[in-house]
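Below: my_file23.csv (CSV, C-alpha atoms)
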```csv
chain,number,residue,atom,x,y,z
A,1,MET,CA,-55.9,-51.5,60.1
A,2,THR,CA,-59.6,-51.9,59.3
A,3,LEU,CA,-61.9,-49.1,58.3
A,4,PRO,CA,-65.5,-49.7,59.3
A,5,PRO,CA,-67.6,-50.7,56.3
A,6,LEU,CA,-68.5,-47.9,53.9
A,7,PRO,CA,-71.0,-49.3,51.5
A,8,THR,CA,-72.5,-47.3,48.7
A,9,GLU,CA,-75.8,-46.8,50.7
A,10,ALA,CA,-73.7,-44.9,53.3
A,11,ILE,CA,-72.4,-42.3,50.9
A,12,VAL,CA,-74.5,-39.2,50.1
A,13,LEU,CA,-73.0,-36.7,47.7
A,14,GLY,CA,-74.0,-33.1,47.2
A,15,ALA,CA,-76.6,-33.1,49.8
A,16,THR,CA,-78.4,-30.0,51.1
A,17,ALA,CA,-78.6,-29.3,54.8
A,18,GLU,CA,-80.1,-26.2,56.5
A,19,ASP,CA,-77.7,-26.2,59.4
A,20,TRP,CA,-75.2,-28.5,61.3
A,21,ARG,CA,-78.0,-30.5,62.8
A,22,GLY,CA,-79.4,-31.2,59.4
A,23,ALA,CA,-76.0,-32.3,58.2
A,24,VAL,CA,-75.5,-34.6,61.1
A,25,ARG,CA,-79.0,-36.0,60.6
A,26,LEU,CA,-78.1,-36.9,57.0
A,27,ALA,CA,-75.0,-38.8,58.3
A,28,GLY,CA,-77.3,-40.6,60.7
A,29,ASP,CA,-79.8,-41.4,57.9
A,30,ALA,CA,-76.9,-42.8,55.8
A,31,LEU,CA,-75.8,-45.1,58.7
A,32,VAL,CA,-79.5,-46.3,59.0
A,33,ALA,CA,-79.5,-46.9,55.2
A,34,SER,CA,-76.4,-49.1,55.4
A,35,GLY,CA,-77.7,-51.0,58.4
A,36,ALA,CA,-75.1,-49.7,60.9
A,37,ALA,CA,-77.5,-47.8,63.2
A,38,ARG,CA,-81.1,-47.3,64.3
A,39,PRO,CA,-82.9,-44.0,63.5
A,40,GLY,CA,-82.2,-42.7,67.1
A,41,TYR,CA,-78.4,-42.6,66.5
A,42,ALA,CA,-78.6,-39.3,64.6
A,43,GLY,CA,-80.2,-37.7,67.7
A,44,GLU,CA,-77.4,-39.1,69.9
A,45,MET,CA,-74.7,-37.6,67.6
A,46,ILE,CA,-76.5,-34.3,67.7
A,47,ARG,CA,-76.7,-34.4,71.5
A,48,MET,CA,-73.0,-35.0,71.8
A,49,ILE,CA,-72.4,-31.7,69.9
A,50,GLU,CA,-75.0,-29.8,71.9
A,51,GLU,CA,-73.4,-31.0,75.1
A,52,HIS,CA,-69.8,-30.5,74.2
A,53,GLY,CA,-69.7,-28.0,71.4
A,54,PRO,CA,-68.4,-28.2,67.9
A,55,TYR,CA,-65.2,-30.1,68.7
A,56,VAL,CA,-66.3,-32.7,66.2
A,57,VAL,CA,-65.0,-30.4,63.4
A,58,ILE,CA,-61.6,-31.9,63.8
A,59,ALA,CA,-60.0,-30.5,60.6
A,60,PRO,CA,-60.8,-27.7,58.2
A,61,GLY,CA,-64.0,-28.5,56.5
A,62,LEU,CA,-64.5,-31.9,58.1
A,63,ALA,CA,-66.8,-33.0,61.0
A,64,LEU,CA,-66.5,-36.4,62.6
A,65,ALA,CA,-70.0,-37.0,64.0
A,66,HIS,CA,-70.3,-39.9,66.4
A,67,ALA,CA,-71.9,-41.0,69.7
A,68,ARG,CA,-71.0,-43.6,72.2
A,69,PRO,CA,-71.5,-47.3,71.5
A,70,GLY,CA,-75.0,-48.4,72.6
A,71,PRO,CA,-78.3,-49.9,71.6
A,72,GLU,CA,-78.7,-47.5,68.7
A,73,VAL,CA,-75.6,-49.0,67.0
A,74,LEU,CA,-76.3,-52.2,65.0
A,75,ALA,CA,-72.9,-52.7,63.5
A,76,ASP,CA,-69.6,-50.9,62.9
A,77,GLY,CA,-70.1,-48.5,60.1
A,78,LEU,CA,-69.0,-45.3,58.4
A,79,ALA,CA,-71.0,-42.8,56.5
A,80,ILE,CA,-69.9,-39.9,54.3
A,81,VAL,CA,-72.1,-36.9,53.4
A,82,THR,CA,-70.8,-34.2,51.2
A,83,LEU,CA,-72.7,-30.9,51.2
A,84,ALA,CA,-73.7,-28.8,48.2
A,85,SER,CA,-73.4,-25.7,50.4
A,86,PRO,CA,-71.2,-25.9,53.5
A,87,VAL,CA,-72.6,-25.3,57.0
A,88,GLU,CA,-71.2,-23.7,60.1
A,89,PHE,CA,-70.8,-25.7,63.3
A,90,GLY,CA,-69.5,-22.8,65.3
A,91,HIS,CA,-65.9,-24.0,65.3
A,92,PRO,CA,-63.3,-21.3,65.8
A,93,HIS,CA,-60.9,-22.5,63.1
A,94,ASN,CA,-62.3,-25.3,61.0
A,95,ASP,CA,-65.6,-24.0,59.7
A,96,PRO,CA,-67.4,-24.2,57.3
A,97,VAL,CA,-67.9,-27.9,57.0
A,98,HIS,CA,-68.2,-29.6,53.5
A,99,VAL,CA,-67.8,-33.2,54.6
A,100,VAL,CA,-69.5,-35.0,57.4
A,101,LEU,CA,-68.3,-38.4,58.5
A,102,GLY,CA,-70.7,-40.4,60.6
A,103,LEU,CA,-69.1,-43.1,62.7
A,104,ALA,CA,-70.9,-45.9,64.5
A,105,ILE,CA,-68.9,-48.3,66.6
A,106,LYS,CA,-70.3,-51.3,68.3
A,107,THR,CA,-67.8,-51.6,71.2
A,108,ALA,CA,-65.4,-49.0,72.6
A,109,ASP,CA,-62.5,-51.5,72.3
A,110,GLU,CA,-62.7,-51.5,68.5
A,111,HIS,CA,-62.7,-47.8,68.1
A,112,LEU,CA,-59.0,-47.3,68.1
A,113,ALA,CA,-58.4,-49.6,65.1
A,114,ALA,CA,-61.2,-47.8,63.3
A,115,VAL,CA,-60.0,-44.2,64.0
A,116,ALA,CA,-56.4,-45.2,63.3
A,117,SER,CA,-57.4,-46.2,59.8
A,118,LEU,CA,-59.3,-42.9,59.5
A,119,ALA,CA,-56.1,-41.1,60.5
A,120,ASN,CA,-54.2,-43.0,57.8
A,121,VAL,CA,-56.6,-41.6,55.2
A,122,PHE,CA,-57.0,-38.0,56.4
A,123,ASN,CA,-53.4,-37.4,57.4
A,124,ASP,CA,-53.1,-36.9,53.7
A,125,SER,CA,-54.1,-33.2,53.6
A,126,THR,CA,-55.8,-33.5,50.2
A,127,ALA,CA,-58.3,-36.2,51.2
A,128,ILE,CA,-61.0,-33.8,52.5
A,129,GLU,CA,-61.0,-31.7,49.4
A,130,ASP,CA,-60.9,-34.8,47.2
A,131,ILE,CA,-64.0,-36.3,49.0
A,132,ALA,CA,-65.8,-32.9,48.8
A,133,ALA,CA,-65.3,-32.9,45.1
A,134,ALA,CA,-66.0,-36.6,44.4
A,135,ALA,CA,-68.8,-37.2,41.9
A,136,SER,CA,-69.5,-40.8,42.7
A,137,ALA,CA,-69.6,-43.2,45.6
A,138,ALA,CA,-66.9,-45.3,44.0
A,139,GLU,CA,-64.6,-42.3,44.0
A,140,VAL,CA,-65.2,-41.7,47.7
A,141,GLN,CA,-64.5,-45.4,48.4
A,142,ALA,CA,-61.3,-45.2,46.4
A,143,ILE,CA,-60.1,-42.2,48.4
A,144,MET,CA,-61.0,-44.0,51.6
A,145,ARG,CA,-59.5,-47.2,50.4
A,146,ALA,CA,-62.6,-48.9,51.7
A,147,ASP,CA,-64.2,-52.1,50.7
A,148,SER,CA,-67.7,-51.6,49.3
B,149,MET,CA,-44.2,-39.8,80.3
B,150,LYS,CA,-47.9,-39.7,79.9
B,151,VAL,CA,-50.0,-37.9,77.4
B,152,VAL,CA,-53.9,-37.9,77.6
B,153,THR,CA,-56.2,-37.0,74.7
B,154,ILE,CA,-59.6,-35.7,75.7
B,155,CYS,CA,-62.9,-35.5,73.8
B,156,GLY,CA,-66.6,-35.7,74.7
B,157,ALA,CA,-67.1,-39.4,74.2
B,158,GLY,CA,-63.6,-40.7,74.7
B,159,ILE,CA,-63.8,-42.4,71.3
B,160,GLY,CA,-63.6,-40.9,67.8
B,161,SER,CA,-61.8,-37.6,68.0
B,162,SER,CA,-59.7,-38.4,71.1
B,163,GLY,CA,-58.7,-41.7,69.4
B,164,ILE,CA,-57.5,-39.9,66.3
B,165,LEU,CA,-55.5,-37.5,68.5
B,166,LYS,CA,-54.0,-40.5,70.3
B,167,VAL,CA,-53.0,-42.3,67.1
B,168,ASN,CA,-51.4,-39.2,65.6
B,169,ALA,CA,-49.7,-38.1,68.9
B,170,GLU,CA,-48.1,-41.6,69.1
B,171,ARG,CA,-46.9,-41.2,65.5
B,172,VAL,CA,-45.4,-37.8,66.2
B,173,LEU,CA,-43.8,-38.7,69.5
B,174,GLN,CA,-42.2,-41.7,67.8
B,175,ARG,CA,-40.9,-39.4,65.1
B,176,LEU,CA,-39.5,-37.0,67.8
B,177,ASP,CA,-38.0,-40.0,69.6
B,178,ILE,CA,-39.9,-39.3,72.8
B,179,GLU,CA,-41.2,-42.2,74.8
B,180,ALA,CA,-44.7,-41.8,76.1
B,181,ASP,CA,-47.9,-43.5,77.0
B,182,VAL,CA,-50.8,-41.9,75.1
B,183,VAL,CA,-54.3,-42.6,76.5
B,184,ALA,CA,-57.6,-41.5,75.0
B,185,ALA,CA,-60.3,-40.5,77.5
B,186,ASP,CA,-63.5,-38.7,77.9
B,187,LEU,CA,-64.1,-35.7,80.1
B,188,ALA,CA,-65.9,-37.8,82.8
B,189,SER,CA,-62.8,-40.0,83.4
B,190,LEU,CA,-60.3,-37.1,83.1
B,191,THR,CA,-59.5,-36.6,86.8
B,192,GLU,CA,-58.6,-40.3,87.2
B,193,VAL,CA,-56.7,-40.7,83.9
B,194,ALA,CA,-54.9,-37.4,83.9
B,195,ALA,CA,-53.7,-37.3,87.5
B,196,ASP,CA,-50.2,-38.3,86.4
B,197,ALA,CA,-50.1,-36.9,82.9
B,198,GLN,CA,-47.6,-34.4,81.7
B,199,VAL,CA,-49.6,-33.3,78.6
B,200,ILE,CA,-53.3,-33.1,77.8
B,201,LEU,CA,-54.2,-32.8,74.1
B,202,THR,CA,-57.7,-31.5,73.3
B,203,SER,CA,-59.9,-29.1,71.5
B,204,ALA,CA,-60.6,-25.5,72.6
B,205,GLU,CA,-64.1,-26.4,73.9
B,206,PHE,CA,-62.7,-28.6,76.6
B,207,VAL,CA,-60.1,-26.4,78.1
B,208,GLU,CA,-62.5,-24.8,80.6
B,209,ALA,CA,-64.0,-28.1,81.7
B,210,ILE,CA,-60.5,-29.6,82.2
B,211,GLY,CA,-59.8,-26.8,84.6
B,212,ALA,CA,-56.8,-26.6,86.9
B,213,THR,CA,-54.2,-29.3,86.3
B,214,TYR,CA,-50.5,-29.8,86.6
B,215,ALA,CA,-50.4,-31.0,83.0
B,216,ASP,CA,-49.7,-28.8,80.0
B,217,VAL,CA,-53.0,-28.4,78.2
B,218,ILE,CA,-52.4,-28.2,74.4
B,219,VAL,CA,-55.2,-27.2,72.1
B,220,ILE,CA,-55.1,-28.9,68.7
B,221,GLU,CA,-56.9,-27.3,65.8
B,222,ASN,CA,-56.4,-29.7,63.0
B,223,TYR,CA,-56.3,-33.3,64.3
B,224,PHE,CA,-54.9,-34.6,61.1
B,225,ASP,CA,-52.0,-32.1,60.8
B,226,THR,CA,-49.1,-34.0,62.3
B,227,ASN,CA,-46.9,-31.0,61.8
B,228,GLU,CA,-49.1,-28.9,64.1
B,229,LEU,CA,-49.0,-31.7,66.7
B,230,ALA,CA,-45.2,-32.0,66.4
B,231,GLU,CA,-44.6,-28.3,66.8
B,232,LYS,CA,-46.9,-28.0,69.9
B,233,LEU,CA,-45.6,-31.2,71.5
B,234,GLU,CA,-42.0,-30.1,71.0
B,235,ALA,CA,-42.7,-26.7,72.4
B,236,ALA,CA,-44.4,-28.1,75.5
B,237,LEU,CA,-41.8,-30.8,76.2
B,238,GLY,CA,-39.0,-28.5,75.5
B,239,SER,CA,-36.9,-31.0,73.5
```

With the file now loaded, output its structure as structure tokens.
Amino acid sequence: MTLPPLPTEAIVLGATAEDWRGAVRLAGDALVASGAARPGYAGEMIRMIEEHGPYVVIAPGLALAHARPGPEVLADGLAIVTLASPVEFGHPHNDPVHVVLGLAIKTADEHLAAVASLANVFNDSTAIEDIAAAASAAEVQAIMRADS
Amino acid sequence: MKVVTICGAGIGSSGILKVNAERVLQRLDIEADVVAADLASLTEVAADAQVILTSAEFVEAIGATYADVIVIENYFDTNELAEKLEAALGS
């Protein structure tokens, strides 16, 4: 199964965010840096959470930020942001968040292969901590088993 | 049997739930169709579902249904999924 591309430009380590919106915006910026999304995608990801709540915090310490496929997505891509200080999303069980994944998917049909490969990585319960503690983009790519 | 996973966009988190639910159901030797959907298409997709898997945020929006609504906290914890699915399906 194929993980969306996770180039070095899409990995931001030890970042500072004031709140969950800032953290999601960093993931959006990283997707822009890697060429996967337009600048408006960050706002779409934030609106998904404003509309539906903090369900994107799908595991302890991990948020999977994403919006629907659309004109703001340029190519399939993944971004990873680790936070120097964790932020609260308001999730009843899985706060605070140390690691934000940003996911941009070009067509809905492709998303299942992409998320299946994410599940393969994160079903290993140590993966989130390992990414939070990673000191280099290469380390993160190794954990994700992604091609740079 | 039919299992529906629900999230806001119908991609991403509900897709992860679908993939992991399929893995767990296979492990439990339970045959089921697992479908990922968003809230907007819920009524149509879940009409004949036995189980709906989702996050706490969506329970109210899902509202009255004949299906068992199961709230999953950690989408990557297949043990949590297995326990809750087994309890709901009574196997």

Within 6 Å of chain A: residues of chain B, using all atoms listed in the file, as a PyMOL selection string: chain B and resi 163-164+167+222-224

Long-range neighbours of Ala133 in chain A as a VMD selection string, 12 Å cut-off, only C-alpha atoms, 4 positions minimum in chain: chain A and resid 13 to 14 81 to 84 98 to 99 126 to 129 137 139 to 140 143

Option closest in space to Ala184 in chain B, from B:Glu228, B:Lys166, B:Ala236, B:Gly160 [counting all atoms listed in the file]: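 Using all atoms listed in the file, the shortest distance to Ala184 in chain B belongs to B:Lys166.
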
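Neighbours of Ala142 in chain A closer than or equal to 12 Å, with only C-alpha atoms counted and sequence neighbours fewer than 3 positions away skipped, come out as Leu6, Pro7, Thr8, Val121, Ala127, Asp130, Ile131, Ala134, Ala135, Ser136, Ala137, Ala138, Glu139, Arg145, Ala146, Asp147 and Ser148 of chain A.
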
Which of B:Glu221, B:Glu170, B:Glu234, B:Glu179 sits closest to Glu205 in chain B [using all atoms listed in the file]: B:Glu221

Counting all atoms listed in the file, the residue of B:Val172, B:Leu229, B:Ala235, B:Ile218 that sits nearest Val199 in chain B: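 Closest to Val199 in chain B, using all atoms listed in the file: B:Ile218.
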
Shell of 10 Å around Asp216 in chain B, all atoms listed in the file, local chain residues under 3 positions omitted, as a list in words: Val151, Ala197, Gln198, Val199, Ile200, Leu201, Thr213, Val219, Leu233, Ala236 and Leu237 of chain B

Exercise: Ala209 in chain B partners within 12 Å, all atoms listed in the file, chain neighbours under 5 positions left out, as an MDAnalysis selection string: (chainID A and resid 51:53) or (chainID B and resid 154:156 186:188 190:191 202:204 217)

Could you write out the selected residues, including C-alpha atoms, as a PDB file, in the frame of the given file?
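Contents of selection.pdb, freshly written:
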```
ATOM      1  CA  GLU A  51     -73.400 -31.000  75.100  1.00  0.00           C
ATOM      2  CA  HIS A  52     -69.800 -30.500  74.200  1.00  0.00           C
ATOM      3  CA  GLY A  53     -69.700 -28.000  71.400  1.00  0.00           C
TER       4      GLY A  53
ATOM      5  CA  ILE B 154     -59.600 -35.700  75.700  1.00  0.00           C
ATOM      6  CA  CYS B 155     -62.900 -35.500  73.800  1.00  0.00           C
ATOM      7  CA  GLY B 156     -66.600 -35.700  74.700  1.00  0.00           C
ATOM      8  CA  ASP B 186     -63.500 -38.700  77.900  1.00  0.00           C
ATOM      9  CA  LEU B 187     -64.100 -35.700  80.100  1.00  0.00           C
ATOM     10  CA  ALA B 188     -65.900 -37.800  82.800  1.00  0.00           C
ATOM     11  CA  LEU B 190     -60.300 -37.100  83.100  1.00  0.00           C
ATOM     12  CA  THR B 191     -59.500 -36.600  86.800  1.00  0.00           C
ATOM     13  CA  THR B 202     -57.700 -31.500  73.300  1.00  0.00           C
ATOM     14  CA  SER B 203     -59.900 -29.100  71.500  1.00  0.00           C
ATOM     15  CA  ALA B 204     -60.600 -25.500  72.600  1.00  0.00           C
ATOM     16  CA  VAL B 217     -53.000 -28.400  78.200  1.00  0.00           C
TER      17      VAL B 217
END
```

For CA of Arg25 in chain A and CA of Met45 in chain A, the interatomic separation in Å (one decimal):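 A separation of 8.4 Å between them.
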
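Proximity ranking of A:Val97, A:Thr16, A:Gly70, A:Leu78 relative to Val32 in chain A places A:Leu78 first, based on only C-alpha atoms.
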
Distance of CA of Ala79 in chain A from CA of Arg38 in chain A, expressed in Å to one decimal place: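 So the answer is 13.5 Å.
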
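Picture a line from CA of Glu18 in chain A to CA of Ile80 in chain A; it runs 17.2 Å.
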
Within-9 Å shell of (-75.5, -49.5, 57.1) in input frame, only C-alpha atoms, as number ranges by chain: A: 5-7, 9-10, 30-37, 74-79

Final N, CA and C atoms of range 84-117 of chain A as a compact mmCIF listing (two decimals), in the frame of the given file:
```
# COMPACT_ATOMS: atom_id res chain seq x y z
N ALA A 84 -73.68 -29.71 49.36
CA ALA A 84 -73.70 -28.80 48.20
C ALA A 84 -73.24 -27.40 48.68
N SER A 85 -73.78 -26.98 49.82
CA SER A 85 -73.40 -25.70 50.40
C SER A 85 -72.88 -26.03 51.84
N PRO A 86 -71.69 -25.54 52.18
CA PRO A 86 -71.20 -25.90 53.50
C PRO A 86 -71.99 -25.26 54.62
N VAL A 87 -71.93 -25.86 55.82
CA VAL A 87 -72.60 -25.30 57.00
C VAL A 87 -71.64 -24.99 58.09
N GLU A 88 -72.06 -24.07 58.96
CA GLU A 88 -71.20 -23.70 60.10
C GLU A 88 -71.59 -24.52 61.32
N PHE A 89 -70.58 -25.02 61.99
CA PHE A 89 -70.80 -25.70 63.30
C PHE A 89 -70.48 -24.82 64.44
N GLY A 90 -69.90 -23.65 64.16
CA GLY A 90 -69.50 -22.80 65.30
C GLY A 90 -68.08 -23.06 65.75
N HIS A 91 -67.27 -23.73 64.93
CA HIS A 91 -65.90 -24.00 65.30
C HIS A 91 -65.00 -22.80 65.06
N PRO A 92 -64.10 -22.48 66.01
CA PRO A 92 -63.30 -21.30 65.80
C PRO A 92 -62.33 -21.29 64.66
N HIS A 93 -61.92 -22.46 64.20
CA HIS A 93 -60.90 -22.50 63.10
C HIS A 93 -61.32 -23.28 61.90
N ASN A 94 -62.12 -24.32 62.09
CA ASN A 94 -62.30 -25.30 61.00
C ASN A 94 -63.59 -25.18 60.21
N ASP A 95 -64.44 -24.21 60.54
CA ASP A 95 -65.60 -24.00 59.70
C ASP A 95 -65.26 -23.38 58.41
N PRO A 96 -66.11 -23.41 57.37
CA PRO A 96 -67.40 -24.20 57.30
C PRO A 96 -67.10 -25.63 56.93
N VAL A 97 -68.10 -26.48 57.17
CA VAL A 97 -67.90 -27.90 57.00
C VAL A 97 -68.56 -28.34 55.63
N HIS A 98 -67.75 -29.01 54.81
CA HIS A 98 -68.20 -29.60 53.50
C HIS A 98 -68.49 -31.06 53.62
N VAL A 99 -67.75 -31.71 54.50
CA VAL A 99 -67.80 -33.20 54.60
C VAL A 99 -68.12 -33.61 55.99
N VAL A 100 -69.17 -34.43 56.13
CA VAL A 100 -69.50 -35.00 57.40
C VAL A 100 -69.28 -36.49 57.41
N LEU A 101 -68.44 -36.96 58.31
CA LEU A 101 -68.30 -38.40 58.50
C LEU A 101 -69.17 -38.81 59.65
N GLY A 102 -69.91 -39.87 59.46
CA GLY A 102 -70.70 -40.40 60.60
C GLY A 102 -70.02 -41.75 60.95
N LEU A 103 -69.79 -41.93 62.25
CA LEU A 103 -69.10 -43.10 62.70
C LEU A 103 -69.97 -43.85 63.74
N ALA A 104 -70.25 -45.11 63.48
CA ALA A 104 -70.90 -45.90 64.50
C ALA A 104 -70.03 -47.08 64.83
N ILE A 105 -69.82 -47.25 66.12
CA ILE A 105 -68.90 -48.30 66.60
C ILE A 105 -69.64 -49.12 67.66
N LYS A 106 -69.57 -50.42 67.49
CA LYS A 106 -70.30 -51.30 68.30
C LYS A 106 -69.72 -51.43 69.76
N THR A 107 -68.42 -51.53 69.86
CA THR A 107 -67.80 -51.60 71.20
C THR A 107 -66.62 -50.62 71.25
N ALA A 108 -66.41 -50.05 72.44
CA ALA A 108 -65.40 -49.00 72.60
C ALA A 108 -63.98 -49.61 72.26
N ASP A 109 -63.80 -50.92 72.51
CA ASP A 109 -62.50 -51.50 72.30
C ASP A 109 -62.08 -51.45 70.80
N GLU A 110 -63.07 -51.47 69.92
CA GLU A 110 -62.70 -51.50 68.50
C GLU A 110 -62.44 -50.14 67.92
N HIS A 111 -62.74 -49.10 68.69
CA HIS A 111 -62.70 -47.80 68.10
C HIS A 111 -61.31 -47.36 67.65
N LEU A 112 -60.30 -47.83 68.38
CA LEU A 112 -59.00 -47.30 68.10
C LEU A 112 -58.47 -47.80 66.72
N ALA A 113 -58.74 -49.07 66.38
CA ALA A 113 -58.40 -49.60 65.10
C ALA A 113 -59.11 -48.77 63.99
N ALA A 114 -60.39 -48.48 64.26
CA ALA A 114 -61.20 -47.80 63.30
C ALA A 114 -60.66 -46.33 63.07
N VAL A 115 -60.39 -45.63 64.17
CA VAL A 115 -60.00 -44.20 64.00
C VAL A 115 -58.51 -44.18 63.50
N ALA A 116 -57.71 -45.19 63.80
CA ALA A 116 -56.40 -45.20 63.30
C ALA A 116 -56.40 -45.28 61.74
N SER A 117 -57.33 -46.08 61.23
CA SER A 117 -57.40 -46.20 59.80
C SER A 117 -57.98 -44.88 59.18
```
